[in-house]
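Printed here is coords-v2.txt (compact mmCIF, C-alpha atoms):
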```txt
# COMPACT_ATOMS: atom_id res chain seq x y z
CA MET S 7 -27.85 20.41 29.97
CA ALA S 8 -27.45 16.67 29.57
CA ASN S 9 -30.28 15.88 27.16
CA LYS S 10 -30.70 17.03 23.61
CA VAL S 11 -32.46 20.39 23.71
CA LYS S 12 -35.18 21.34 21.24
CA ILE S 13 -35.44 24.96 20.13
CA ILE S 14 -38.43 25.89 17.99
CA VAL S 15 -38.31 29.01 15.84
CA ALA S 16 -41.92 30.00 15.15
CA GLY S 17 -42.29 32.32 12.18
CA ILE S 18 -39.56 32.11 9.55
CA GLY S 19 -39.82 35.64 8.19
CA GLY S 20 -37.14 38.30 8.33
CA VAL S 21 -36.34 37.88 12.03
CA GLY S 22 -37.01 34.17 12.53
CA GLY S 23 -35.52 33.26 9.16
CA TYR S 24 -32.23 35.05 9.81
CA PHE S 25 -31.66 33.97 13.41
CA GLY S 26 -33.23 30.55 12.82
CA GLY S 27 -31.03 30.10 9.77
CA LEU S 28 -27.89 30.81 11.80
CA LEU S 29 -29.01 28.34 14.48
CA ALA S 30 -29.89 25.63 11.97
CA ARG S 31 -26.54 26.00 10.19
CA LYS S 32 -24.53 25.81 13.41
CA TYR S 33 -26.42 22.87 14.97
CA GLU S 34 -27.10 20.74 11.90
CA ASN S 35 -26.54 17.11 12.94
CA SER S 36 -25.78 18.22 16.53
CA ASN S 37 -26.09 15.70 19.34
CA ALA S 38 -26.90 18.45 21.85
CA VAL S 39 -29.24 20.90 20.10
CA GLU S 40 -32.17 20.34 17.75
CA ILE S 41 -33.48 23.31 15.73
CA CYS S 42 -37.04 23.11 14.41
CA PHE S 43 -38.93 25.58 12.24
CA ASN S 44 -42.62 26.33 12.56
CA ALA S 45 -43.51 27.76 9.14
CA ARG S 46 -46.33 27.50 6.63
CA GLY S 47 -47.45 27.57 3.01
CA GLY S 48 -45.13 27.85 0.06
CA HIS S 49 -42.31 29.08 2.27
CA LEU S 50 -42.44 25.86 4.29
CA ASN S 51 -42.52 23.77 1.12
CA LYS S 52 -39.39 25.49 -0.24
CA ILE S 53 -37.55 25.01 3.04
CA ARG S 54 -38.42 21.32 3.03
CA GLU S 55 -37.37 20.91 -0.61
CA ASN S 56 -34.27 23.07 -0.87
CA GLY S 57 -33.47 24.32 2.62
CA LEU S 58 -33.56 27.93 3.79
CA LYS S 59 -31.34 30.37 1.89
CA VAL S 60 -30.02 33.27 3.97
CA ILE S 61 -28.41 36.31 2.30
CA HIS S 62 -26.46 38.96 4.16
CA GLY S 63 -24.55 41.37 1.94
CA GLN S 64 -22.10 39.39 -0.17
CA ASN S 65 -22.47 36.32 2.03
CA GLU S 66 -25.11 33.65 1.70
CA PHE S 67 -25.73 30.10 2.84
CA ILE S 68 -28.35 27.37 2.64
CA THR S 69 -29.31 25.33 5.68
CA LYS S 70 -31.94 22.82 6.70
CA PRO S 71 -33.42 22.63 10.20
CA GLU S 72 -33.76 19.31 11.99
CA PHE S 73 -37.49 19.48 11.27
CA ALA S 74 -39.89 21.96 9.67
CA ALA S 75 -43.69 21.82 9.89
CA ASP S 76 -46.80 23.95 10.29
CA ASN S 77 -48.25 21.62 12.93
CA ALA S 78 -46.87 21.75 16.46
CA ASN S 79 -48.05 18.18 17.08
CA GLU S 80 -45.53 17.03 14.47
CA ILE S 81 -42.70 19.10 15.96
CA GLY S 82 -43.18 17.89 19.52
CA ILE S 83 -42.30 19.24 22.96
CA ALA S 84 -39.95 22.24 23.08
CA ASP S 85 -37.41 23.46 25.63
CA PHE S 86 -37.24 26.96 24.14
CA ILE S 87 -39.46 28.71 21.61
CA LEU S 88 -38.42 31.84 19.75
CA ILE S 89 -41.64 33.52 18.62
CA CYS S 90 -40.94 35.61 15.53
CA THR S 91 -44.36 36.04 13.94
CA LYS S 92 -46.01 39.42 13.34
CA SER S 93 -47.72 40.90 16.40
CA TYR S 94 -51.17 40.58 14.84
CA ASP S 95 -50.66 36.80 14.61
CA LEU S 96 -49.41 36.37 18.17
CA ASP S 97 -52.54 35.01 19.85
CA ALA S 98 -53.22 32.55 17.03
CA THR S 99 -49.57 31.44 17.05
CA ILE S 100 -49.63 30.70 20.78
CA GLU S 101 -52.81 28.63 20.38
CA GLN S 102 -51.22 26.67 17.51
CA LEU S 103 -48.05 26.06 19.52
CA LYS S 104 -49.82 24.68 22.61
CA PRO S 105 -48.89 21.02 21.82
CA SER S 106 -45.20 22.06 21.96
CA ILE S 107 -45.71 24.01 25.21
CA ALA S 108 -47.05 21.06 27.22
CA GLU S 109 -43.98 20.82 29.47
CA ASN S 110 -43.56 24.54 30.15
CA PRO S 111 -40.70 25.65 27.89
CA ILE S 112 -39.19 29.12 28.02
CA LEU S 113 -40.80 31.43 25.46
CA LEU S 114 -38.94 34.34 23.92
CA PRO S 115 -41.09 36.65 21.77
CA LEU S 116 -39.06 38.75 19.32
CA LEU S 117 -41.91 40.86 18.00
CA ASN S 118 -42.38 44.56 17.48
CA GLY S 119 -44.26 46.26 20.30
CA VAL S 120 -44.21 46.21 24.10
CA GLU S 121 -47.25 44.04 24.89
CA SER S 122 -46.06 40.57 23.83
CA VAL S 123 -45.31 39.19 27.30
CA GLU S 124 -48.59 40.46 28.71
CA ARG S 125 -50.58 39.02 25.79
CA ILE S 126 -48.90 35.61 26.03
CA LYS S 127 -49.38 35.44 29.80
CA ARG S 128 -53.11 36.00 29.34
CA ILE S 129 -53.21 32.70 27.43
CA LEU S 130 -50.43 30.79 29.24
CA THR S 131 -50.60 32.01 32.82
CA GLU S 132 -47.99 29.60 34.21
CA THR S 133 -45.44 29.70 31.39
CA THR S 134 -42.08 31.48 31.65
CA VAL S 135 -42.09 34.27 29.07
CA LEU S 136 -39.08 36.50 28.55
CA ASP S 137 -38.87 39.99 27.17
CA GLY S 138 -36.87 40.33 23.98
CA CYS S 139 -36.15 42.54 21.02
CA VAL S 140 -33.94 42.63 17.95
CA TYR S 141 -32.28 45.26 15.82
CA ILE S 142 -32.24 43.94 12.28
CA VAL S 143 -33.35 44.94 8.77
CA SER S 144 -34.26 41.58 7.31
CA ALA S 145 -37.16 40.34 5.21
CA LEU S 146 -38.61 37.36 3.38
CA LYS S 147 -37.35 37.99 -0.17
CA GLU S 148 -39.24 35.07 -1.68
CA ALA S 149 -40.35 31.62 -0.57
CA GLY S 150 -37.33 29.89 0.94
CA VAL S 151 -35.12 33.00 0.88
CA ILE S 152 -34.37 35.51 3.67
CA GLU S 153 -32.31 38.66 3.06
CA ASN S 154 -30.70 40.75 5.80
CA SER S 155 -29.88 44.15 4.28
CA GLY S 156 -28.95 45.95 7.48
CA ILE S 157 -25.79 46.83 9.37
CA ASN S 158 -26.99 45.47 12.74
CA GLN S 159 -28.30 42.07 13.75
CA LYS S 160 -28.49 42.26 17.52
CA LEU S 161 -30.76 40.25 19.81
CA TYR S 162 -31.45 41.12 23.46
CA PHE S 163 -33.45 39.11 26.01
CA GLY S 164 -34.07 38.88 29.72
CA PRO S 165 -34.50 39.55 32.55
CA GLY S 166 -31.29 37.81 33.49
CA ASN S 167 -32.41 36.99 37.03
CA ILE S 168 -34.89 34.19 36.18
CA ASN S 169 -33.83 30.63 35.37
CA ASN S 170 -30.35 32.07 35.07
CA ASP S 171 -28.51 28.84 34.16
CA LYS S 172 -30.93 28.12 31.35
CA LEU S 173 -30.78 31.66 30.05
CA LEU S 174 -26.99 31.75 30.15
CA TRP S 175 -27.03 28.49 28.20
CA LEU S 176 -29.41 29.97 25.62
CA GLU S 177 -27.19 33.04 25.27
CA LYS S 178 -24.16 30.78 24.70
CA ILE S 179 -26.01 28.63 22.14
CA MET S 180 -27.02 31.69 20.15
CA GLN S 181 -23.62 33.35 20.36
CA GLU S 182 -21.88 30.18 19.15
CA ALA S 183 -24.22 30.22 16.14
CA GLY S 184 -23.00 33.71 15.23
CA ILE S 185 -25.95 35.60 16.74
CA GLU S 186 -25.09 38.85 18.54
CA ALA S 187 -27.19 37.82 21.55
CA THR S 188 -27.12 39.52 24.96
CA LEU S 189 -28.82 38.40 28.18
CA SER S 190 -29.69 41.63 29.99
CA ASP S 191 -30.94 42.70 33.42
CA SER S 192 -32.05 45.98 31.80
CA ILE S 193 -34.32 44.42 29.21
CA SER S 194 -37.27 46.78 29.89
CA THR S 195 -35.17 49.78 28.92
CA ILE S 196 -33.84 47.99 25.84
CA VAL S 197 -37.33 46.91 24.73
CA TRP S 198 -38.75 50.40 25.16
CA GLU S 199 -35.87 52.10 23.39
CA LYS S 200 -36.43 49.72 20.48
CA PHE S 201 -40.16 50.47 20.62
CA ILE S 202 -39.55 54.21 20.45
CA PHE S 203 -37.41 53.58 17.36
CA ILE S 204 -39.68 51.15 15.55
CA ALA S 205 -43.01 52.78 16.40
CA SER S 206 -41.84 56.17 15.16
CA ILE S 207 -40.19 54.95 11.94
CA ALA S 208 -43.01 52.51 11.10
CA THR S 209 -45.60 55.23 11.63
CA ALA S 210 -43.66 57.81 9.62
CA THR S 211 -42.79 55.60 6.62
CA SER S 212 -46.37 54.31 6.46
CA HIS S 213 -47.94 57.75 6.85
CA PHE S 214 -45.77 59.39 4.19
CA ASN S 215 -45.54 56.22 2.03
CA CYS S 216 -41.80 56.58 1.59
CA THR S 217 -38.42 55.03 2.32
CA ILE S 218 -36.36 55.99 5.35
CA GLY S 219 -33.97 57.99 3.18
CA LYS S 220 -36.74 60.07 1.63
CA LEU S 221 -38.40 60.51 5.02
CA LEU S 222 -35.23 62.03 6.45
CA GLU S 223 -34.90 64.35 3.45
CA GLU S 224 -38.47 65.64 3.51
CA ASN S 225 -40.06 64.98 6.93
CA GLU S 226 -37.35 64.65 9.56
CA GLU S 227 -39.18 67.15 11.80
CA THR S 228 -42.27 64.92 11.91
CA LEU S 229 -40.11 61.90 12.77
CA VAL S 230 -38.67 63.88 15.69
CA GLN S 231 -42.20 64.75 16.87
CA LEU S 232 -43.22 61.07 16.73
CA ILE S 233 -40.16 60.01 18.73
CA GLU S 234 -40.95 62.64 21.36
CA ASP S 235 -44.54 61.35 21.67
CA VAL S 236 -43.40 57.81 22.47
CA LYS S 237 -40.66 59.01 24.79
CA LEU S 238 -43.29 60.79 26.89
CA ILE S 239 -45.22 57.50 27.21
CA ALA S 240 -42.09 55.69 28.37
CA VAL S 241 -41.35 58.37 30.97
CA ALA S 242 -44.95 58.26 32.22
CA LYS S 243 -44.60 54.49 32.67
CA GLY S 244 -41.40 54.92 34.67
CA ILE S 245 -39.14 53.41 32.02
CA SER S 246 -35.58 54.72 31.97
CA VAL S 247 -34.41 55.62 28.44
CA LYS S 248 -31.41 57.50 27.04
CA PRO S 249 -31.74 61.28 27.61
CA ASP S 250 -30.57 61.85 24.02
CA ILE S 251 -32.66 59.06 22.50
CA THR S 252 -34.30 61.38 19.95
CA SER S 253 -31.03 62.39 18.28
CA TYR S 254 -29.72 58.83 18.69
CA ILE S 255 -32.67 57.37 16.73
CA VAL S 256 -32.53 60.03 14.01
CA ASN S 257 -28.80 59.46 13.53
CA TYR S 258 -29.25 55.68 13.54
CA ASN S 259 -31.81 55.96 10.74
CA LYS S 260 -29.30 58.00 8.74
CA LEU S 261 -26.97 54.99 8.75
CA LEU S 262 -29.57 52.76 7.08
CA LEU S 263 -29.86 52.26 3.33
CA TYR S 264 -31.75 55.03 1.56
CA ASP S 265 -34.30 52.53 0.21
CA ALA S 266 -34.83 50.76 3.54
CA THR S 267 -38.29 50.94 5.08
CA SER S 268 -40.34 49.41 7.89
CA SER S 269 -42.18 46.09 7.84
CA MET S 270 -45.44 47.93 8.58
CA HIS S 271 -44.93 50.14 5.55
CA ARG S 272 -44.28 47.06 3.41
CA ASP S 273 -47.56 45.57 4.64
CA PHE S 274 -49.42 48.73 3.63
CA LEU S 275 -47.71 48.73 0.23
CA ASN S 276 -48.67 45.11 -0.32
CA LEU S 277 -52.27 45.82 0.76
CA LYS S 278 -52.02 43.17 3.48
CA PRO S 279 -55.33 42.64 5.31
CA LYS S 280 -53.43 42.86 8.61
CA THR S 281 -50.79 45.39 9.68
CA GLU S 282 -49.04 46.34 12.91
CA VAL S 283 -50.81 49.70 13.07
CA GLU S 284 -52.61 48.81 16.33
CA THR S 285 -49.49 47.34 17.95
CA LEU S 286 -47.23 50.25 17.08
CA ASN S 287 -49.29 53.33 16.30
CA GLY S 288 -52.54 52.57 18.08
CA TYR S 289 -50.79 51.46 21.27
CA VAL S 290 -49.15 54.87 21.69
CA VAL S 291 -52.46 56.68 21.17
CA ARG S 292 -54.31 54.43 23.65
CA ALA S 293 -51.51 54.63 26.23
CA GLY S 294 -51.52 58.41 25.91
CA GLU S 295 -55.22 58.51 26.60
CA GLU S 296 -54.88 56.21 29.63
CA LEU S 297 -51.90 58.10 31.06
CA LYS S 298 -53.26 61.55 30.15
CA VAL S 299 -50.23 62.23 27.96
CA GLU S 300 -50.77 64.13 24.72
CA THR S 301 -49.50 62.37 21.56
CA PRO S 302 -50.48 64.77 18.75
CA ALA S 303 -48.15 63.46 16.03
CA PHE S 304 -49.14 59.84 16.66
CA THR S 305 -52.83 60.68 16.88
CA ARG S 306 -52.79 62.48 13.52
CA ALA S 307 -50.92 59.61 11.87
CA TYR S 308 -53.16 56.99 13.47
CA ASN S 309 -56.35 58.64 12.21
CA TYR S 310 -54.87 58.85 8.71
CA LEU S 311 -53.62 55.24 8.65
CA ILE S 312 -56.90 53.83 9.97
CA LYS S 313 -58.80 55.63 7.19
CA LEU S 314 -56.23 54.42 4.64
CA LYS S 315 -56.64 50.84 5.86
CA GLU S 316 -60.45 51.08 5.74
CA ASN S 317 -60.34 52.39 2.14
CA HIS S 318 -58.30 49.36 1.09
```
Just give me the structure as structure tokens.
Amino acid sequence: MANKVKIIVAGIGGVGGYFGGLLARKYENSNAVEICFNARGGHLNKIRENGLKVIHGQNEFITKPEFAADNANEIGIADFILICTKSYDLDATIEQLKPSIAENPILLPLLNGVESVERIKRILTETTVLDGCVYIVSALKEAGVIENSGINQKLYFGPGNINNDKLLWLEKIMQEAGIEATLSDSISTIVWEKFIFIASIATATSHFNCTIGKLLEENEETLVQLIEDVKLIAVAKGISVKPDITSYIVNYNKLLLYDATSSMHRDFLNLKPKTEVETLNGYVVRAGEELKVETPAFTRAYNYLIKLKENH
């Protein structure tokens, strides 16, 4: 690509902050790539004042993007947009980003759930929207500070058969920034396998109000039941997933820190007015009803979490 390319990272939380931080560090003062952050509030102010601090284990760095703002009009027209907000903010985020989408950039949502592309296409019918997902345990520690406490930080996107030169370029840009990025022709399988993982663990940690370590000690059987519920939805939709995905997900969770938990559980703990319960838990229940697939573990948890949310 001959001209300087603008990549906007929208949502500088755990996902956008970590991957956006790596991009901003690599391409600071670059003549080929411009990294811009779409952030807000006190977090945006700290980034503007001191830069974004990224912590990963014993390593940490501070970086500043080319530009950071909460107004897409100030950021300008994008070539690529990584959308890393929470799923419940997706529609509002797309509306806010419309000034940057004027010349049809490629959008890559990296949100929990399996409906992001469909939801974006309802608003932007002609825009190229990729499927994507990440495996990372990262969170906003405080304004201006992101901490990745996990053992994986992988990013997958695709399908690899559309705008292939551009997507290969994006893969290369991310890899050179230190991101474990993979352009895949099997992105539907990857997205659904991630969904089975995140929907089950988010539902379980929120329902039992506990860390992943404690969940595995006391309620591993329920976690298995939740995984099986989502797997049945995937099969009913014709999605190919690992035959042993249940044991794979349980064993993967055993590798995580004892005190690790899900972002949905953190939102419940912090009494956030919005959570991902409809995107993760509610979606499985609704899909089960539509496909005539029974999801007893998810239905029980959903009814409990909805009541819990209403009482708060």
* Asked: Which of these, S:Lys278, S:Lys32, S:Lys220, S:Arg292, has the shortest distance to S:Ala266 once you count only C-alpha atoms?
  ->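 Using only C-alpha atoms, the shortest distance to S:Ala266 belongs to S:Lys220.
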Counting all atoms listed in the file, give me one row per residue of stretch 7-85 of chain S with an atom at most 6 Å from an atom of stretch 136-157 of chain S, showing the shortest contact pair and its distance in Å to one decimal, sorted by chain then residue number, as JSON lines.
```
{"residue": "S:Gly19", "atom": "CA", "partner": "S:Leu146", "partner_atom": "CA", "distance": 5.2}
{"residue": "S:Gly20", "atom": "CA", "partner": "S:Ala145", "partner_atom": "CA", "distance": 3.7}
{"residue": "S:His49", "atom": "CA", "partner": "S:Ala149", "partner_atom": "CA", "distance": 4.3}
{"residue": "S:Lys52", "atom": "CA", "partner": "S:Gly150", "partner_atom": "CA", "distance": 5.0}
{"residue": "S:Ile53", "atom": "CA", "partner": "S:Gly150", "partner_atom": "CA", "distance": 5.3}
{"residue": "S:Leu58", "atom": "CA", "partner": "S:Gly150", "partner_atom": "CA", "distance": 5.1}
{"residue": "S:Lys59", "atom": "CA", "partner": "S:Val151", "partner_atom": "CA", "distance": 4.7}
{"residue": "S:Val60", "atom": "CA", "partner": "S:Ile152", "partner_atom": "CA", "distance": 4.9}
{"residue": "S:Ile61", "atom": "CA", "partner": "S:Glu153", "partner_atom": "CA", "distance": 4.6}
{"residue": "S:His62", "atom": "CA", "partner": "S:Asn154", "partner_atom": "CA", "distance": 4.9}
```
* Asked: When you draw a straight line from atom CA of S:Val290 to atom CA of S:Lys160, how long is it in Å?
  ->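 It comes out at 24.6 Å.
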Centre and size of axis-aligned box enclosing stretch 30-47 of chain S plus 5 Å each side, as AutoDock Vina command-line options:
```
--center_x -36.0 --center_y 21.7 --center_z 12.4 --size_x 32.9 --size_y 22.1 --size_z 28.8
```
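For the choices S:Ala303, S:Ile239, S:Tyr24, S:Lys298, the atom-to-atom distance to S:Glu227 is smallest for S:Ala303 when using only C-alpha atoms.
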* Structure fact -> note - atom CA of S:Ile87 and atom CA of S:Gly47 are separated by 20.3 Å
* Spatial neighbours of S:Met180, max dist 12 Å, all atoms listed in the file, sep filter under 6 positions, as JSON, numbers by chain -> {"S": [13, 25, 26, 27, 28, 29, 30, 31, 32, 33, 39, 41, 86, 88, 160, 161, 162, 163, 173, 174, 186, 187, 188, 189]}
Using only C-alpha atoms, I'd like a table of the residues in stretch 163-263 of chain S that come within 8 Å of stretch 305-315 of chain S; for each, show the closest atom pair and its distance in Å rounded to one decimal, ordered by chain and ascending number, as CSV.
```
residue,atom,partner,partner_atom,distance
S:Thr209,CA,S:Ala307,CA,6.9
S:Ala210,CA,S:Ala307,CA,7.8
S:Ser212,CA,S:Leu311,CA,7.6
S:His213,CA,S:Ala307,CA,6.1
```
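Counting only C-alpha atoms and comparing S:Asp250, S:Glu223, S:Asp273, S:Glu34, the residue that lies closest to S:Ala208 is S:Asp273.
Going from atom CA of S:Lys12 over to atom CA of S:Ser269, you cover 29.0 Å.
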* To do: Could you tell me which of S:Asn44, S:Thr131, S:Asn170, S:Thr228 comes closest to S:Asp191 if we count only C-alpha atoms?
  => S:Asn170
* Give the answer as one residue: which of S:Asn37, S:Ser268, S:Ser190, S:Thr301 has the shortest atom-to-atom distance to S:Val11, using all atoms listed in the file? =>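 Using all atoms listed in the file, S:Val11 sits closest to S:Asn37.
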* Radius query 10 Å about (-39.5, 56.1, 8.4), atoms used: only C-alpha atoms, as a ChimeraX atom specification -> /S:203-222,225-226,228-229,256,259,266-268,271
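Remark: for S:Ala45, the closest of the candidate residues S:Pro111, S:Gly22, S:Gly82, S:Pro105 is S:Gly22 (distances computed over only C-alpha atoms).
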* Nearby residues (only C-alpha atoms) at most 10 Å from S:Thr133, same-chain spacing under 5 positions excluded, as a list of chain:residue names ->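 Once the adjacent positions are removed, what remains is S:Ile107, S:Ala108, S:Glu109, S:Asn110, S:Pro111, S:Ile112, S:Leu113, S:Ile126, S:Lys127.
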* To do: Around the point (-57.4, 44.5, 4.2) in the file's coordinates, collect all residues with an atom within 8 Å, using only C-alpha atoms, and return them as a PyMOL selection string.
  => chain S and resi 277-280+315-316+318
